[in-house]
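Below is one structure, written out as structure tokens; the observations come after it.
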Amino acid sequence: MIVENAATILSIQNLSAEVDGQPILKGFNLEIKAGEIHAIMGRNGSGKSTLSKVLAGHPAYAVTSGKVLFQGQDLLELEAEERARSGLFLAFQYPVEIPGVSNVDFMRAAYNARRKHQGLEELDAFDFEEVIQEKLAVVQMDPSFLTRSVNQGFSGGEKKRNDILQMALLDPVLGILDETDSGLDIDALRVVANGVNQLSHEGNAMLAITHYQRLLDYIVPDYVHVMRDGRLIKTGGKELALELEAKGYDWVDELEPAAVGV
Amino acid sequence: MTIAGDGQGAAAIALRGTDVEEVALGADRYTVYLRELLERTIAANRAADSSLLVQLRTAAIAIAQELAWPSTRDEAWRFTNLASMMAFEFGPTGAIAADLLSSADRDAIALAECPAARLVFVNGNFCEILSDLSAVPVGVTVERLATADLSEAAFGAHLGKVQNGSEPFAALNTAAIADGAVVRVARGAIIETPIHLLFLAVPGPTPVLIQPRVLVVAEEGSACTLIEDYAVAQNSWCQGSGSAATEPYFTNGVTEIAIADNARISHSRTQREAANAFHIGKTAVFQGRDSYYGLTTISTGAAIARHNLDITQGGPGTETRLQGLTVAAGTQVADLHSDLNLQHPHGVADQLHKCIAAGRGRTVFNGRVLVGQQAQHTDAAQLNRNLLLSSQARVDTKPQLEIIADDVKCTHGATVSQLEDDEIFYLRSRGLDSTSARRLLLDGFGGEILAQLPAASLRHQLARCLACELEF
């Protein structure tokens, strides 16, 4: 929802980044305020996933110029784990399988890292159990998943649900969904989108990165941006996604990069 | 179907052919070293004790005199070079000064799960102060070999018989056999309390050879859990840095386990010797019909550690489950050679062995499973998983399945991997710092094996060992 005079959560200013010496982001601008849901759409290779990795602090991506402020703080100065503790959350396109590490132990470690950062008391296994049980409902997940190894042997949909469960647990200020919809059947998509909607509120913001309009039937964005060659070339409301779906990406290929970013 | 070896044995033989002169000179040095070591360490054990011990010693001395200290030209020692040990004149162990040991040590070594079912040997010598047999359950006897009944009806039928190969270290041990731990589980007795056998080393100013000996006899239909622990006496119970003032010691242990029909033994063997120590251990197991043997091994200590594990399924319907974790950091070398011999139908064998090599550490896994002609309907699985934590660490792995029977279900395999950057980033993106992320991943890798240890208190001690060894 667009809220009058809402605080700015994320401000990306003229951001350029590369991976293995290959420039991917080329002067990217975007501003996200509290309460808003943004969607970035674009073809494969337009730089969408690079943007999410750069924001989350993946060490393989090098920022070459520009600035990112997260709640007024210089995001790029922070290590990946500090960004997470400050309330930035990335739901992965491909959540990683971690054999031998129990899901519940992993989530408790993550939860306590965030609690510690917030100056709150860390929870023991017993108290944490109560917290996590309550969150399971958000993604309709069976408690048996908690005792299994992180994502190991999970189906594609179960992995994405597990990521959204972590998001519910960590209650981020900014949730970035990197192609969370890709590879999901319609039931799993509904569950995941429904989870995201439950977690969205006036005090936080969501950034959904997707290739397909389908996700936006379930997570209704306030703004839709189109990305091409490392920058945004068009911004509109939710109807832009429908237009894209109808006309295809060829239509936006004709457009010149405009002064966008809300 | 036969899947045997990898042809490297043949290569080693060819090498001998091309290098005859050097081998001859080298072999001489190796023979002399073993003979001198034998002479130094048998002298102390010429007490007037039972004729069986005298017989065993005499036979073993004769075997050892025909053998040489292994070199990397021996197929069984190709990956583990013991030449550095030859710089030391290991001597027999003396009695430990009583003031080195106290009731505080006694509290430190007691396991909560079995506080009073414990035999302790210090540098190979029975230690009364640290032992506690006040609550050994009915149905099991735990005693010293030196004072045990070694008649044929009692332990005599098994001592020195489960292990009967002619390899130098078992012979060296038997050549000096005088004391040790013996355990007998009576027919049909189901023992819940684990029996704790602790072999402590207290390093001193001269290099010593410590030769622990264990015999376990499980009579028909019995069940028991055995905790066998080799450790250096140190406050932290971690091998850590070790004290610079002490000379290396060499533990050379032999454990024999005879499991009668339908009996069950769950066994854990942990090795956390001093960082400059040497540890060579033999575990020989004979399983009767329909018996179960489960073994969890954890090896974290010693400069060079080698575990030779020989298991024979001596009857149909026999089950063997092995799981192990070996950690080698710094310049450590840690080697497991296991040999499972299946010669009867309907056998089950499952082995999972994990290795972590860090720093310039090296781990070796050589696991042979022999499924003989009679072993139809065998279900055997073997997997060796390795984790390399540095570019200078090294892993040698040789899973080896030899199948002669034609109606069996057998799998084997080995994997070698590193901590994945993607895994670490995933954990960091959830707020864990890189140290915690690495720790969680290593805990995950090792935890699967640690979780199998029969006592939680031991599990926690070993988890700490692992953490300090890998510098968490």
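Ordering of the structure tokens sets the chain letters (A, B, ...); residue numbers start at 1 within each chain; ligands are numbered from 1 in the order shown.
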### Within 10 Å of chain A: residues of chain B, using only C-alpha atoms, as a PyMOL selection string
chain B and resi 420-434+436-437+440-449
#### Entry: Residues within 8 Å of Tyr33 in chain B, only C-alpha atoms, excluding chain neighbours under 3 positions, as a count of residues only
7
### Task
Go through range 32-64 of chain A and collect every residue that DSSP, computed from the backbone, puts in alpha helix (DSSP H); the answer should be as a list of chain:residue names.
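Checking each residue of range 32-64 of chain A, the alpha helix (DSSP H) ones are A:Lys48, A:Ser49, A:Thr50, A:Leu51, A:Ser52, A:Lys53, A:Val54, A:Leu55, A:Ala56.
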Export, as a PDB file, in the first residue's frame, the selected residues with N, CA and C atoms.
```pdb
ATOM      1  N   LYS A  48      18.214  -8.591 -13.078  1.00  0.00           N
ATOM      2  CA  LYS A  48      17.298  -8.642 -11.926  1.00  0.00           C
ATOM      3  C   LYS A  48      17.910  -9.385 -10.736  1.00  0.00           C
ATOM      4  N   SER A  49      18.423 -10.581 -11.031  1.00  0.00           N
ATOM      5  CA  SER A  49      18.955 -11.385  -9.933  1.00  0.00           C
ATOM      6  C   SER A  49      20.250 -10.806  -9.384  1.00  0.00           C
ATOM      7  N   THR A  50      21.015 -10.165 -10.269  1.00  0.00           N
ATOM      8  CA  THR A  50      22.236  -9.494  -9.805  1.00  0.00           C
ATOM      9  C   THR A  50      21.873  -8.414  -8.792  1.00  0.00           C
ATOM     10  N   LEU A  51      20.803  -7.689  -9.091  1.00  0.00           N
ATOM     11  CA  LEU A  51      20.367  -6.646  -8.163  1.00  0.00           C
ATOM     12  C   LEU A  51      20.094  -7.249  -6.784  1.00  0.00           C
ATOM     13  N   SER A  52      19.394  -8.358  -6.746  1.00  0.00           N
ATOM     14  CA  SER A  52      19.050  -8.951  -5.441  1.00  0.00           C
ATOM     15  C   SER A  52      20.315  -9.436  -4.715  1.00  0.00           C
ATOM     16  N   LYS A  53      21.253  -9.997  -5.450  1.00  0.00           N
ATOM     17  CA  LYS A  53      22.492 -10.488  -4.839  1.00  0.00           C
ATOM     18  C   LYS A  53      23.336  -9.325  -4.311  1.00  0.00           C
ATOM     19  N   VAL A  54      23.390  -8.246  -5.094  1.00  0.00           N
ATOM     20  CA  VAL A  54      24.167  -7.070  -4.669  1.00  0.00           C
ATOM     21  C   VAL A  54      23.566  -6.489  -3.393  1.00  0.00           C
ATOM     22  N   LEU A  55      22.239  -6.411  -3.370  1.00  0.00           N
ATOM     23  CA  LEU A  55      21.588  -5.845  -2.180  1.00  0.00           C
ATOM     24  C   LEU A  55      21.816  -6.728  -0.958  1.00  0.00           C
ATOM     25  N   ALA A  56      21.833  -8.060  -1.169  1.00  0.00           N
ATOM     26  CA  ALA A  56      22.016  -8.977  -0.039  1.00  0.00           C
ATOM     27  C   ALA A  56      23.480  -9.095   0.375  1.00  0.00           C
TER      28      ALA A  56
END
```
### Which of B:Gly315, B:Gly221, B:Gly347, B:Gly324 sits closest to Ala189 in chain B [using only C-alpha atoms]
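Of the candidates, the smallest distance to Ala189 in chain B is held by B:Gly221.
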### Query
Do you know which residues are at most 9 Å from range 288-297 of chain B counting only C-alpha atoms, after dropping those on the same chain fewer than 6 positions away, and could you put them as a PyMOL selection string?
chain B and resi 220-221+258-271+312-326+344+347+353+449-450+452-454
Got time to write the residues from that selection, N, CA and C atoms, as a compact mmCIF listing (two decimals), in the first residue's frame?
```txt
# COMPACT_ATOMS: atom_id res chain seq x y z
N GLU B 220 25.92 -65.87 24.00
CA GLU B 220 24.72 -65.99 23.18
C GLU B 220 23.54 -65.17 23.72
N GLY B 221 22.92 -64.41 22.82
CA GLY B 221 21.71 -63.69 23.17
C GLY B 221 21.90 -62.50 24.10
N ALA B 258 34.50 -60.90 20.56
CA ALA B 258 33.88 -62.14 20.09
C ALA B 258 32.40 -62.08 20.43
N ILE B 259 31.57 -62.08 19.40
CA ILE B 259 30.12 -61.94 19.59
C ILE B 259 29.46 -63.26 19.22
N ALA B 260 28.83 -63.89 20.19
CA ALA B 260 28.22 -65.20 19.94
C ALA B 260 26.90 -65.04 19.19
N ASP B 261 26.30 -66.14 18.83
CA ASP B 261 25.05 -66.13 18.07
C ASP B 261 24.00 -65.25 18.76
N ASN B 262 23.33 -64.44 17.95
CA ASN B 262 22.20 -63.67 18.42
C ASN B 262 22.54 -62.63 19.50
N ALA B 263 23.81 -62.32 19.66
CA ALA B 263 24.21 -61.31 20.64
C ALA B 263 24.40 -59.96 19.95
N ARG B 264 24.36 -58.89 20.74
CA ARG B 264 24.46 -57.55 20.17
C ARG B 264 25.49 -56.72 20.93
N ILE B 265 26.41 -56.14 20.18
CA ILE B 265 27.37 -55.22 20.79
C ILE B 265 27.30 -53.89 20.04
N SER B 266 27.08 -52.81 20.82
CA SER B 266 27.18 -51.46 20.28
C SER B 266 28.44 -50.86 20.86
N HIS B 267 29.29 -50.40 20.00
CA HIS B 267 30.65 -50.07 20.41
C HIS B 267 31.00 -48.67 19.92
N SER B 268 31.63 -47.86 20.76
CA SER B 268 32.20 -46.61 20.27
C SER B 268 33.67 -46.58 20.59
N ARG B 269 34.45 -46.11 19.65
CA ARG B 269 35.90 -46.04 19.84
C ARG B 269 36.32 -44.62 19.48
N THR B 270 36.82 -43.90 20.49
CA THR B 270 37.21 -42.52 20.26
C THR B 270 38.71 -42.38 20.48
N GLN B 271 39.35 -41.61 19.64
CA GLN B 271 40.78 -41.42 19.70
C GLN B 271 41.07 -39.93 19.76
N THR B 312 34.64 -60.08 10.81
CA THR B 312 34.22 -61.29 10.09
C THR B 312 32.80 -61.65 10.49
N GLN B 313 31.94 -61.77 9.51
CA GLN B 313 30.60 -62.27 9.77
C GLN B 313 30.68 -63.80 9.71
N GLY B 314 30.58 -64.43 10.88
CA GLY B 314 30.85 -65.85 10.98
C GLY B 314 29.61 -66.74 10.89
N GLY B 315 28.49 -66.16 10.49
CA GLY B 315 27.28 -66.97 10.38
C GLY B 315 26.23 -66.20 9.60
N PRO B 316 25.17 -66.87 9.19
CA PRO B 316 24.14 -66.19 8.39
C PRO B 316 23.33 -65.18 9.20
N GLY B 317 22.70 -64.25 8.48
CA GLY B 317 21.79 -63.29 9.12
C GLY B 317 22.48 -62.31 10.04
N THR B 318 23.73 -62.02 9.77
CA THR B 318 24.53 -61.19 10.66
C THR B 318 24.52 -59.74 10.19
N GLU B 319 24.47 -58.83 11.15
CA GLU B 319 24.36 -57.41 10.80
C GLU B 319 25.55 -56.63 11.35
N THR B 320 26.13 -55.79 10.51
CA THR B 320 27.26 -54.96 10.92
C THR B 320 27.02 -53.52 10.47
N ARG B 321 27.07 -52.60 11.41
CA ARG B 321 26.89 -51.19 11.05
C ARG B 321 28.06 -50.38 11.56
N LEU B 322 28.74 -49.71 10.63
CA LEU B 322 29.94 -48.95 10.98
C LEU B 322 29.74 -47.50 10.59
N GLN B 323 30.05 -46.60 11.51
CA GLN B 323 30.08 -45.20 11.14
C GLN B 323 31.28 -44.55 11.77
N GLY B 324 31.95 -43.70 11.01
CA GLY B 324 33.19 -43.12 11.51
C GLY B 324 33.36 -41.68 11.10
N LEU B 325 34.09 -40.96 11.92
CA LEU B 325 34.46 -39.58 11.60
C LEU B 325 35.94 -39.42 11.91
N THR B 326 36.69 -38.99 10.91
CA THR B 326 38.12 -38.77 11.08
C THR B 326 38.41 -37.31 10.78
N HIS B 344 28.66 -65.55 4.64
CA HIS B 344 27.43 -66.32 4.90
C HIS B 344 26.22 -65.57 4.33
N GLY B 347 23.53 -61.60 5.06
CA GLY B 347 24.27 -60.65 5.88
C GLY B 347 23.89 -59.22 5.52
N HIS B 353 31.64 -43.61 6.41
CA HIS B 353 32.84 -43.04 7.03
C HIS B 353 33.06 -41.64 6.47
N ILE B 449 27.65 -38.30 12.58
CA ILE B 449 28.39 -39.39 13.19
C ILE B 449 28.42 -39.22 14.72
N LEU B 450 28.70 -38.00 15.17
CA LEU B 450 28.73 -37.76 16.62
C LEU B 450 27.43 -38.19 17.29
N GLN B 452 25.75 -40.59 16.85
CA GLN B 452 25.66 -42.04 17.06
C GLN B 452 26.39 -42.49 18.32
N LEU B 453 27.19 -41.60 18.92
CA LEU B 453 27.90 -41.99 20.14
C LEU B 453 26.88 -42.33 21.22
N PRO B 454 27.14 -43.38 21.98
CA PRO B 454 26.10 -43.87 22.89
C PRO B 454 25.90 -43.01 24.14
```
#### Entry: Of the listed residues A:His38, A:Lys33, A:Glu134, A:Ala193, that which approaches Gly237 in chain A most closely, counting only C-alpha atoms
A:His38
### Message
When you look at range 52-59 of chain B with a cut-off of 10 Å (counting only C-alpha atoms), what residues show up, excluding the ones that are within fewer than 5 positions of it in the same chain? I need them as a ChimeraX atom specification.
### Response
/B:42,45-47,64,145-146,150-152,156,159-161,171-179
So that I have them on file, write out the residues from the current selection with all heavy atoms, as a compact mmCIF listing (two decimals), in the first residue's frame.
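Output below, filename selection-v4.txt:
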```txt
# COMPACT_ATOMS: atom_id res chain seq x y z
N ILE B 42 59.44 -55.78 25.22
CA ILE B 42 58.96 -57.05 25.79
C ILE B 42 59.63 -57.35 27.11
O ILE B 42 59.12 -58.08 27.94
CB ILE B 42 59.13 -58.26 24.84
CG1 ILE B 42 60.59 -58.41 24.41
CG2 ILE B 42 58.19 -58.18 23.68
CD1 ILE B 42 60.84 -59.62 23.52
N ASN B 45 57.87 -57.21 30.48
CA ASN B 45 56.67 -58.00 30.70
C ASN B 45 56.95 -59.49 30.92
O ASN B 45 56.15 -60.32 30.57
CB ASN B 45 55.73 -57.83 29.51
CG ASN B 45 55.15 -56.44 29.50
OD1 ASN B 45 54.36 -56.09 30.37
ND2 ASN B 45 55.57 -55.62 28.57
N ARG B 46 58.08 -59.81 31.51
CA ARG B 46 58.43 -61.21 31.70
C ARG B 46 58.02 -61.73 33.08
O ARG B 46 58.72 -62.48 33.71
CB ARG B 46 59.95 -61.41 31.50
CG ARG B 46 60.39 -61.15 30.07
CD ARG B 46 59.88 -62.27 29.14
NE ARG B 46 60.09 -61.94 27.74
CZ ARG B 46 61.09 -62.42 27.01
NH1 ARG B 46 61.96 -63.21 27.55
NH2 ARG B 46 61.20 -62.08 25.74
N ALA B 47 56.89 -61.26 33.53
CA ALA B 47 56.42 -61.72 34.84
C ALA B 47 56.02 -63.20 34.75
O ALA B 47 55.72 -63.70 33.67
CB ALA B 47 55.23 -60.89 35.30
N ALA B 64 56.73 -61.43 15.03
CA ALA B 64 57.27 -60.08 14.88
C ALA B 64 58.71 -60.10 14.37
O ALA B 64 59.13 -59.23 13.62
CB ALA B 64 57.17 -59.33 16.20
N LEU B 145 42.85 -58.14 32.74
CA LEU B 145 43.35 -59.35 32.10
C LEU B 145 44.33 -60.07 33.03
O LEU B 145 44.33 -61.30 33.13
CB LEU B 145 44.04 -58.95 30.78
CG LEU B 145 44.77 -60.03 30.00
CD1 LEU B 145 43.79 -61.09 29.50
CD2 LEU B 145 45.51 -59.43 28.81
N ALA B 146 45.15 -59.29 33.74
CA ALA B 146 46.21 -59.86 34.56
C ALA B 146 45.67 -60.81 35.63
O ALA B 146 46.36 -61.74 36.04
CB ALA B 146 47.04 -58.75 35.20
N LEU B 150 41.83 -67.19 32.64
CA LEU B 150 42.19 -67.36 31.24
C LEU B 150 42.07 -68.81 30.79
O LEU B 150 42.66 -69.21 29.79
CB LEU B 150 43.61 -66.83 30.99
CG LEU B 150 43.79 -65.32 31.24
CD1 LEU B 150 45.20 -64.89 30.90
CD2 LEU B 150 42.79 -64.50 30.43
N SER B 151 41.29 -69.59 31.52
CA SER B 151 41.07 -70.98 31.11
C SER B 151 40.26 -71.00 29.81
O SER B 151 39.62 -70.01 29.44
CB SER B 151 40.32 -71.73 32.21
OG SER B 151 39.00 -71.22 32.31
N GLU B 152 40.27 -72.14 29.17
CA GLU B 152 39.58 -72.28 27.88
C GLU B 152 38.08 -72.01 28.04
O GLU B 152 37.44 -71.47 27.14
CB GLU B 152 39.83 -73.70 27.35
CG GLU B 152 39.42 -73.94 25.91
CD GLU B 152 40.28 -73.18 24.91
OE1 GLU B 152 41.36 -72.66 25.27
OE2 GLU B 152 39.86 -73.07 23.75
N GLY B 156 40.15 -67.71 27.79
CA GLY B 156 41.21 -68.37 27.04
C GLY B 156 40.83 -68.77 25.63
O GLY B 156 41.66 -68.79 24.72
N LEU B 159 41.14 -65.09 23.67
CA LEU B 159 42.26 -64.16 23.72
C LEU B 159 43.31 -64.49 22.65
O LEU B 159 43.81 -65.61 22.60
CB LEU B 159 42.92 -64.20 25.12
CG LEU B 159 44.00 -63.14 25.36
CD1 LEU B 159 43.42 -61.74 25.34
CD2 LEU B 159 44.72 -63.39 26.68
N GLY B 160 43.61 -63.52 21.83
CA GLY B 160 44.60 -63.73 20.78
C GLY B 160 44.09 -64.53 19.60
O GLY B 160 44.82 -64.78 18.64
N LYS B 161 42.82 -64.92 19.65
CA LYS B 161 42.29 -65.78 18.58
C LYS B 161 41.40 -65.01 17.59
O LYS B 161 41.31 -65.36 16.42
CB LYS B 161 41.47 -66.91 19.20
CG LYS B 161 42.22 -67.69 20.27
CD LYS B 161 42.32 -69.13 19.96
CE LYS B 161 43.24 -69.92 20.89
NZ LYS B 161 43.41 -69.45 22.26
N ALA B 171 51.29 -58.00 16.39
CA ALA B 171 52.31 -58.90 16.95
C ALA B 171 53.10 -58.20 18.04
O ALA B 171 53.40 -58.78 19.09
CB ALA B 171 53.22 -59.39 15.83
N LEU B 172 53.44 -56.94 17.80
CA LEU B 172 54.19 -56.15 18.79
C LEU B 172 53.40 -56.05 20.09
O LEU B 172 53.95 -56.16 21.19
CB LEU B 172 54.43 -54.75 18.20
CG LEU B 172 55.31 -53.76 18.95
CD1 LEU B 172 56.75 -54.28 19.03
CD2 LEU B 172 55.30 -52.40 18.23
N ASN B 173 52.10 -55.85 19.95
CA ASN B 173 51.24 -55.74 21.13
C ASN B 173 51.19 -57.07 21.87
O ASN B 173 51.41 -57.14 23.09
CB ASN B 173 49.83 -55.30 20.71
CG ASN B 173 48.86 -55.20 21.87
OD1 ASN B 173 48.49 -56.20 22.46
ND2 ASN B 173 48.44 -53.97 22.21
N THR B 174 50.93 -58.13 21.14
CA THR B 174 50.78 -59.45 21.78
C THR B 174 52.11 -59.94 22.36
O THR B 174 52.14 -60.65 23.37
CB THR B 174 50.21 -60.47 20.77
OG1 THR B 174 49.00 -59.93 20.21
CG2 THR B 174 49.89 -61.80 21.44
N ALA B 175 53.20 -59.51 21.74
CA ALA B 175 54.53 -59.91 22.22
C ALA B 175 54.79 -59.43 23.65
O ALA B 175 55.65 -59.97 24.34
CB ALA B 175 55.60 -59.39 21.28
N ALA B 176 54.04 -58.42 24.07
CA ALA B 176 54.24 -57.88 25.41
C ALA B 176 52.97 -58.01 26.25
O ALA B 176 52.82 -57.34 27.28
CB ALA B 176 54.65 -56.41 25.31
N ILE B 177 52.06 -58.88 25.85
CA ILE B 177 50.75 -58.94 26.53
C ILE B 177 50.91 -59.37 27.99
O ILE B 177 51.57 -60.37 28.28
CB ILE B 177 49.77 -59.85 25.75
CG1 ILE B 177 48.36 -59.74 26.33
CG2 ILE B 177 50.22 -61.31 25.76
CD1 ILE B 177 47.29 -60.40 25.44
N ALA B 178 50.36 -58.57 28.88
CA ALA B 178 50.44 -58.87 30.31
C ALA B 178 49.18 -58.44 31.04
O ALA B 178 48.73 -59.09 31.98
CB ALA B 178 51.65 -58.18 30.92
N ASP B 179 48.61 -57.33 30.59
CA ASP B 179 47.42 -56.82 31.28
C ASP B 179 46.51 -56.19 30.23
O ASP B 179 46.86 -56.08 29.06
CB ASP B 179 47.81 -55.81 32.36
CG ASP B 179 46.73 -55.68 33.43
OD1 ASP B 179 45.66 -56.30 33.28
OD2 ASP B 179 46.96 -54.96 34.42
```
### Query
Which residues come within 9 Å of Leu15 in chain A, counting only C-alpha atoms, excluding same-chain residues fewer than 5 positions away, as a list of chain:residue names?
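Counting only the stated atoms, we get A:Leu25, A:Lys26, A:Gly27, A:Phe28, A:Asn29, A:Val63, A:Thr64, A:Ser65, A:Gly66, A:Lys67, A:Val68, A:Arg231.
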### Message
Can you tell me which residues surround Glu158 in chain A at a distance of at most 10 Å, considering only C-alpha atoms, apart from same-chain residues fewer than 2 positions away, and format the answer as number ranges by chain?
### Response
A: 95, 139, 141, 145, 151, 153-156, 160-164, 184, 188, 192
### Query
Which residue gives the smallest distance to Ile191 in chain B among B:Ser222, B:Gln287, B:Thr246, B:Gln211, with only C-alpha atoms counted?
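With only C-alpha atoms as the atom set, the closest residue is B:Ser222.
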#### Entry: Close residues, Phe365 in chain B itself excluded, 7 Å, only C-alpha atoms, min 2 positions apart in chain, as a list in words
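These residues fall inside the cut-off: Asp335, Leu336, His337, Thr363, Gly367, Asp396, Thr397 and Lys398 of chain B.
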### Query
So how far away is CA of Leu466 in chain B from CA of Ala284 in chain B, in Å?
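Distance reported for this atom pair: 26.5 Å.
Remark: for Asn5 in chain A, the closest of the candidate residues A:Val104, A:Met227, A:Ala34, A:Leu207 is A:Ala34 (distances computed over only C-alpha atoms).
CA of Asp74 in chain A is positioned 15.9 Å from CA of Ala17 in chain A.
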